[in-house]
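Source file: coords.cif; contents: mmCIF, C-alpha atoms.
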```cif
data_structure
#
loop_
_atom_site.label_atom_id
_atom_site.label_comp_id
_atom_site.auth_asym_id
_atom_site.auth_seq_id
_atom_site.Cartn_x
_atom_site.Cartn_y
_atom_site.Cartn_z
CA MET A 99 -101.80 209.48 0.17
CA LYS A 100 -100.76 209.68 3.83
CA ILE A 101 -97.32 208.57 5.02
CA LEU A 102 -97.50 206.59 8.26
CA THR A 103 -94.79 207.81 10.61
CA CYS A 104 -96.28 207.01 14.03
CA SER A 105 -94.67 203.86 15.47
CA ALA A 106 -97.96 202.86 17.10
CA HIS A 107 -99.76 203.08 13.76
CA LEU A 108 -97.04 201.06 12.05
CA GLN A 109 -97.31 198.35 14.70
CA GLN A 110 -101.08 198.36 14.28
CA LEU A 111 -100.62 198.05 10.52
CA GLU A 112 -98.35 195.05 10.98
CA GLY A 113 -101.06 193.30 12.96
CA ILE A 114 -103.69 194.10 10.35
CA LEU A 115 -101.54 192.79 7.51
CA ARG A 116 -100.58 189.66 9.42
CA LYS A 117 -104.27 188.76 9.62
CA SER A 118 -104.58 189.30 5.86
CA LEU A 119 -101.88 186.86 4.74
CA PRO A 120 -101.15 185.72 2.11
CA ILE A 121 -102.96 188.55 0.28
CA ALA A 122 -100.82 191.16 2.06
CA LEU A 123 -97.50 189.54 1.09
CA PRO A 124 -96.48 192.26 -1.43
CA VAL A 125 -96.08 194.77 1.41
CA PHE A 126 -95.95 192.77 4.64
CA GLY A 127 -92.21 192.12 4.61
CA ALA A 128 -91.49 195.81 4.04
CA VAL A 129 -93.63 196.76 7.04
CA LEU A 130 -91.87 194.15 9.19
CA ASN A 131 -88.50 195.60 8.22
CA ILE A 132 -89.70 199.15 8.91
CA ASN A 133 -90.81 198.10 12.39
CA ARG A 134 -87.45 196.42 13.04
CA GLY A 135 -85.13 199.36 12.56
CA ASN A 136 -86.04 200.17 8.95
CA PRO A 137 -82.68 199.10 7.48
CA GLY A 138 -83.96 199.69 3.95
CA GLN A 139 -85.11 203.26 4.70
CA PHE A 140 -88.63 202.57 3.43
CA GLU A 141 -91.91 204.30 4.13
CA VAL A 142 -95.56 203.24 3.99
CA LEU A 143 -98.39 205.28 2.49
CA VAL A 144 -102.12 204.68 2.86
CA ASP A 145 -105.08 206.33 1.17
CA LYS A 146 -106.62 206.92 4.62
CA TRP A 147 -106.18 205.77 8.20
CA PRO A 148 -107.15 203.57 9.89
CA GLU A 149 -109.78 202.36 7.40
CA PHE A 150 -107.36 202.22 4.49
CA GLY A 151 -108.28 200.80 1.12
CA ALA A 152 -104.83 200.90 -0.50
CA LEU A 153 -101.28 200.72 0.84
CA LEU A 154 -97.95 201.46 -0.82
CA ALA A 155 -94.46 200.56 0.46
CA ARG A 156 -91.60 202.43 -1.19
CA PRO A 157 -88.14 203.94 -0.53
CA SER A 158 -88.40 207.01 1.71
CA GLY A 159 -88.64 210.27 -0.19
CA GLU A 160 -89.02 208.56 -3.55
CA VAL A 161 -90.06 210.77 -6.44
CA ALA A 162 -91.60 209.63 -9.68
CA SER A 163 -88.45 210.25 -11.72
CA GLY A 164 -86.07 208.74 -9.19
CA ASP A 165 -83.83 205.80 -10.07
CA MET A 166 -84.69 202.93 -7.76
CA GLY A 167 -82.22 200.53 -9.33
CA HIS A 168 -83.63 197.03 -8.90
CA CYS A 169 -85.70 197.97 -5.86
CA ARG A 170 -89.41 197.44 -6.32
CA ARG A 171 -92.47 198.93 -4.67
CA GLY A 172 -95.18 196.87 -3.03
CA VAL A 173 -98.86 197.66 -3.35
CA THR A 174 -101.85 196.19 -1.55
CA ARG A 175 -105.44 197.20 -2.22
CA CYS A 176 -108.08 196.32 0.36
CA PRO A 177 -111.58 197.16 -0.97
CA GLY A 178 -113.43 194.94 1.45
CA THR A 179 -111.84 191.72 0.24
CA CYS A 180 -108.12 192.33 -0.13
CA GLN A 181 -106.61 192.16 -3.57
CA ALA A 182 -102.89 192.61 -3.94
CA HIS A 183 -100.29 193.01 -6.62
CA SER A 184 -96.72 194.15 -7.04
CA GLU A 185 -95.90 197.15 -9.19
CA GLN A 186 -92.79 195.47 -10.54
CA PRO A 187 -93.82 194.09 -13.97
CA ASP A 188 -91.65 190.98 -13.78
CA TRP A 189 -93.18 189.74 -10.53
CA ALA A 190 -96.17 187.43 -10.72
CA CYS A 191 -98.24 185.55 -8.18
CA SER A 192 -97.79 181.78 -8.28
CA GLY A 193 -99.49 179.62 -5.69
CA GLN A 194 -98.74 180.96 -2.22
CA HIS A 195 -95.69 183.03 -3.02
CA TRP A 196 -94.48 185.70 -5.41
CA GLU A 197 -91.66 184.81 -7.70
CA ARG A 198 -89.54 186.59 -10.21
CA GLY A 199 -87.79 185.44 -13.33
CA THR A 200 -88.16 183.54 -16.58
CA PRO A 201 -89.72 180.05 -16.44
CA GLY A 202 -87.46 177.27 -17.57
CA SER A 203 -84.09 178.76 -16.57
CA ALA A 204 -82.37 176.89 -13.77
CA VAL A 205 -80.76 178.78 -10.89
CA GLY A 206 -78.18 177.20 -8.61
CA GLY A 207 -80.15 176.89 -5.38
CA ARG A 208 -83.36 175.66 -6.98
CA GLU A 209 -81.59 173.11 -9.10
CA GLU A 210 -80.13 171.56 -5.98
CA LEU A 211 -83.59 171.21 -4.47
CA GLY A 212 -84.93 169.55 -7.58
CA GLY A 213 -86.76 172.60 -8.93
CA THR A 214 -86.58 173.88 -12.47
CA VAL A 215 -88.38 177.22 -12.12
CA GLY A 216 -86.07 180.09 -12.95
CA GLY A 217 -85.44 183.39 -11.20
CA ASP A 218 -84.91 184.16 -7.54
CA TRP A 219 -86.89 182.86 -4.61
CA GLY A 220 -90.17 184.70 -4.41
CA CYS A 221 -91.86 186.36 -1.49
CA TRP A 222 -91.58 183.92 1.42
CA GLY A 223 -91.01 181.10 -1.10
CA MET A 224 -87.45 180.82 0.16
CA LEU A 225 -88.58 180.68 3.77
CA GLY A 226 -91.37 178.27 2.96
CA MET A 227 -88.83 175.85 1.50
CA GLY A 228 -86.82 176.13 4.69
CA VAL A 229 -89.84 175.04 6.71
CA TRP A 230 -90.44 172.18 4.27
CA VAL A 231 -86.89 170.99 4.85
CA LEU A 232 -87.42 171.09 8.60
CA SER A 233 -90.65 169.12 8.29
CA THR A 234 -88.93 166.18 6.58
CA GLY A 235 -87.59 165.06 9.95
CA GLY A 236 -84.14 165.18 11.49
CA LEU A 237 -81.69 168.03 11.66
CA ILE A 238 -79.99 169.54 8.64
CA TRP A 239 -76.25 169.96 9.11
CA PRO A 240 -73.60 171.42 6.79
CA ALA A 241 -71.51 168.91 4.86
CA PRO A 242 -68.06 168.06 6.24
CA GLY A 243 -65.67 170.94 5.76
CA VAL A 244 -68.49 173.45 5.33
CA HIS A 245 -69.74 175.89 7.97
CA VAL A 246 -72.31 178.68 8.27
CA GLY A 247 -70.76 182.11 7.89
CA SER A 248 -71.62 185.39 6.21
CA LEU A 249 -70.81 187.35 3.09
CA SER A 250 -68.70 190.51 3.13
CA PRO A 251 -68.53 193.57 0.86
CA SER A 252 -65.61 191.93 -0.94
CA HIS A 253 -68.06 189.36 -2.36
CA VAL A 254 -70.22 191.88 -4.24
CA ASP A 255 -68.58 191.16 -7.60
CA LEU A 256 -69.18 187.43 -7.14
CA LEU A 257 -72.83 188.10 -6.33
CA ASN A 258 -73.21 190.39 -9.32
CA ASP A 259 -71.64 187.83 -11.67
CA THR A 260 -73.90 184.99 -10.48
CA TRP A 261 -77.22 186.87 -10.22
CA PRO A 262 -79.50 186.31 -13.26
CA TYR A 263 -80.30 190.05 -13.26
CA GLY A 264 -76.73 191.14 -12.54
CA GLY A 265 -73.64 191.92 -14.52
CA ASN A 266 -73.95 195.70 -14.59
CA ALA A 267 -73.22 198.68 -12.36
CA ARG A 268 -76.85 199.17 -11.40
CA SER A 269 -77.30 195.60 -10.17
CA ARG A 270 -73.98 195.80 -8.34
CA ARG A 271 -75.17 198.87 -6.38
CA PHE A 272 -78.38 197.09 -5.48
CA LEU A 273 -76.61 193.93 -4.30
CA ALA A 274 -74.11 195.96 -2.30
CA GLU A 275 -77.01 197.77 -0.62
CA ILE A 276 -78.97 194.68 0.42
CA LEU A 277 -75.77 192.90 1.46
CA GLY A 278 -75.01 195.72 3.88
CA ARG A 279 -78.54 196.19 5.19
CA PHE A 280 -80.45 192.90 5.33
CA PRO A 281 -79.98 189.41 6.77
CA GLN A 282 -78.07 186.90 4.67
CA VAL A 283 -76.69 183.40 5.08
CA CYS A 284 -73.54 182.05 3.50
CA LEU A 285 -72.03 178.57 3.66
CA GLN A 286 -68.25 178.62 3.46
CA ASP A 287 -65.61 175.99 2.87
CA SER A 288 -62.67 175.34 5.18
CA SER A 289 -60.73 178.23 3.63
CA GLY A 290 -63.59 180.68 4.18
CA GLN A 291 -64.65 180.88 0.54
CA PRO A 292 -68.40 181.08 -0.27
CA VAL A 293 -70.07 177.84 -1.33
CA ALA A 294 -73.76 178.80 -1.27
CA TRP A 295 -75.72 181.80 -0.06
CA VAL A 296 -79.15 183.34 0.48
CA LEU A 297 -79.73 187.11 0.33
CA THR A 298 -82.90 188.90 1.41
CA ASP A 299 -84.17 192.35 0.48
CA HIS A 300 -86.37 195.28 1.52
CA PHE A 301 -89.47 193.05 1.40
CA GLY A 302 -87.99 190.14 3.36
CA THR A 303 -87.90 188.07 0.17
CA GLY A 304 -85.18 185.82 -1.14
CA THR A 305 -83.41 187.96 -3.73
CA HIS A 306 -80.31 185.97 -4.66
CA SER A 307 -79.99 182.31 -3.65
CA TYR A 308 -77.17 180.45 -5.32
CA THR A 309 -74.84 177.47 -5.04
CA LEU A 310 -71.59 177.55 -6.96
CA PRO A 311 -71.72 174.89 -9.73
CA GLU A 312 -68.78 172.89 -8.39
CA HIS A 313 -70.51 172.54 -5.00
CA ARG A 314 -74.00 171.48 -6.11
CA ARG A 315 -75.77 168.21 -5.28
CA HIS A 316 -74.46 168.19 -1.72
CA GLY A 317 -77.47 169.69 0.07
CA HIS A 318 -75.84 173.06 0.70
CA MET A 319 -78.90 175.09 -0.33
CA GLN A 320 -81.13 173.06 1.97
CA VAL A 321 -78.92 174.04 4.87
CA ALA A 322 -78.75 177.71 3.84
CA LEU A 323 -82.52 177.97 3.39
CA THR A 324 -83.20 176.25 6.70
CA VAL A 325 -80.89 178.62 8.57
CA ALA A 326 -82.46 181.62 6.78
CA ALA A 327 -85.95 180.41 7.71
CA GLN A 328 -85.04 179.87 11.37
CA ARG A 329 -83.47 183.31 11.67
CA ALA A 330 -86.38 185.01 9.92
CA HIS A 331 -88.89 183.26 12.17
CA ALA A 332 -86.95 184.38 15.23
CA ARG A 333 -87.32 188.00 14.01
CA GLY A 334 -91.09 187.65 13.69
CA PHE A 335 -91.26 186.97 9.95
CA PRO A 336 -93.81 184.31 8.96
CA THR A 337 -92.47 181.15 7.35
CA PHE A 338 -94.73 178.91 5.34
CA GLY A 339 -94.87 177.16 2.00
#
```
Would you write out, as structure tokens, the structure that this file holds?
Amino acid sequence: MKILTCSAHLQQLEGILRKSLPIALPVFGAVLNINRGNPGQFEVLVDKWPEFGALLARPSGEVASGDMGHCRRGVTRCPGTCQAHSEQPDWACSGQHWERGTPGSAVGGREELGGTVGGDWGCWGMLGMGVWVLSTGGLIWPAPGVHVGSLSPSHVDLLNDTWPYGGNARSRRFLAEILGRFPQVCLQDSSGQPVAWVLTDHFGTGTHSYTLPEHRRHGHMQVALTVAAQRAHARGFPTFG
């Protein structure tokens, strides 16, 4: 396969994939990140250019035996009518977004929004919920004593302890990487301690959205998701649900 390195070709690819949504979701976020400074150090491969039939997004210089940690690859096949899938076995297509996890297990942020589907927010699912919140009318403001801030490297252990796929050195490395490279939103209390947060990853997806148990049922996740959606939209990422 051919690695696309020309910035003009990558911009052209972004336009092609944007017209192919939502089929192109497994790779679209990675291409957007690549075209916006490539913080995740990813690369895109196509079977041919410009009439490509398959596209792969992966970490730059990846080899078959390399340890990617929790990072997944995105694959889109376009044989006339696009068909897409993710190479990560625990990702599955559900409705208009991709989601990860085990059905039936509640996660902090989803529980607060009334959902019961387990795992992390899927591809654009997080951002879609943010738009849904905006569409209900009125502005969403943090609760009294809570403000919008950001996470720091000192919070990695907290993230690792609260992530359903965390609790080990490998997950900690992954969370530290995305925390340092990709946009995130954190609501903090008056003392600056995290209350709720939303992390995104190499594919622009919601990777770890969580509200601490003692702070749930106060609308904190609605605020965090709305802010994440607004910021993503401002960077050119599509938001829909």
Query - From A:Ser118, A:Thr303, A:Gln286, A:Thr298, residue lying nearest His318 in chain A [only C-alpha atoms] - result: A:Gln286
Requested in this report: Name the residues that the PyMOL selection byres ((chain A and resi 277) around 10) pulls out of this structure, and write them as a PyMOL selection string.
Outcome: chain A and resi 248-251+253-254+257+271-276+278-282+297-299
Query raised in the report: What is the distance, in Å and to one decimal place, between CA of Leu256 in chain A and CA of Ile132 in chain A?
Result: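 One can read the CA of Leu256 in chain A to CA of Ile132 in chain A distance as 28.6 Å.
Note that CA of Thr103 in chain A and CA of Arg116 in chain A are 19.1 Å apart.
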Requested in this report: Pick out the closest residue to Val129 in chain A from this set: A:Thr260, A:Gln328, A:Ser307, A:Phe335. Count all atoms listed in the file.
Outcome: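 Closest candidate: A:Phe335.
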Requested in this report: Quick one: apply the PyMOL selection byres ((chain A and resi 289) around 12) to the file and drop the selected residues here as a list in words.
Outcome: Gly243, Val244, His245, Gly247, Leu285, Gln286, Asp287, Ser288, Gly290, Gln291, Pro292 and Val293 of chain A
Requested in this report: Check what the PyMOL selection byres ((chain A and resi 146) around 12) selects in the file above and give those residues as number ranges by chain.
Outcome: A: 99-102, 142-145, 147-154, 175-176
Query raised in the report: Could you name the residues that touch Asn133 in chain A at 12 Å or less, counting all atoms listed in the file, but leaving out those on the same chain fewer than 2 positions away, as a list of chain:residue names?
Result: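 In the requested form, the answer reads A:Leu102, A:Thr103, A:Cys104, A:Ser105, A:Ala106, A:His107, A:Leu108, A:Gln109, A:Gln110, A:Leu111, A:Glu112, A:Gly113, A:Phe126, A:Gly127, A:Ala128, A:Val129, A:Leu130, A:Asn131, A:Gly135, A:Asn136, A:Pro137, A:Gly138, A:Gln139, A:Phe140, A:Glu141, A:Val142, A:Arg333, A:Gly334, A:Phe335.
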Query raised in the report: In Å, how far is it from CA of Tyr308 in chain A to CA of Val296 in chain A?
Result: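 Between CA of Tyr308 in chain A and CA of Val296 in chain A the gap is 6.8 Å.
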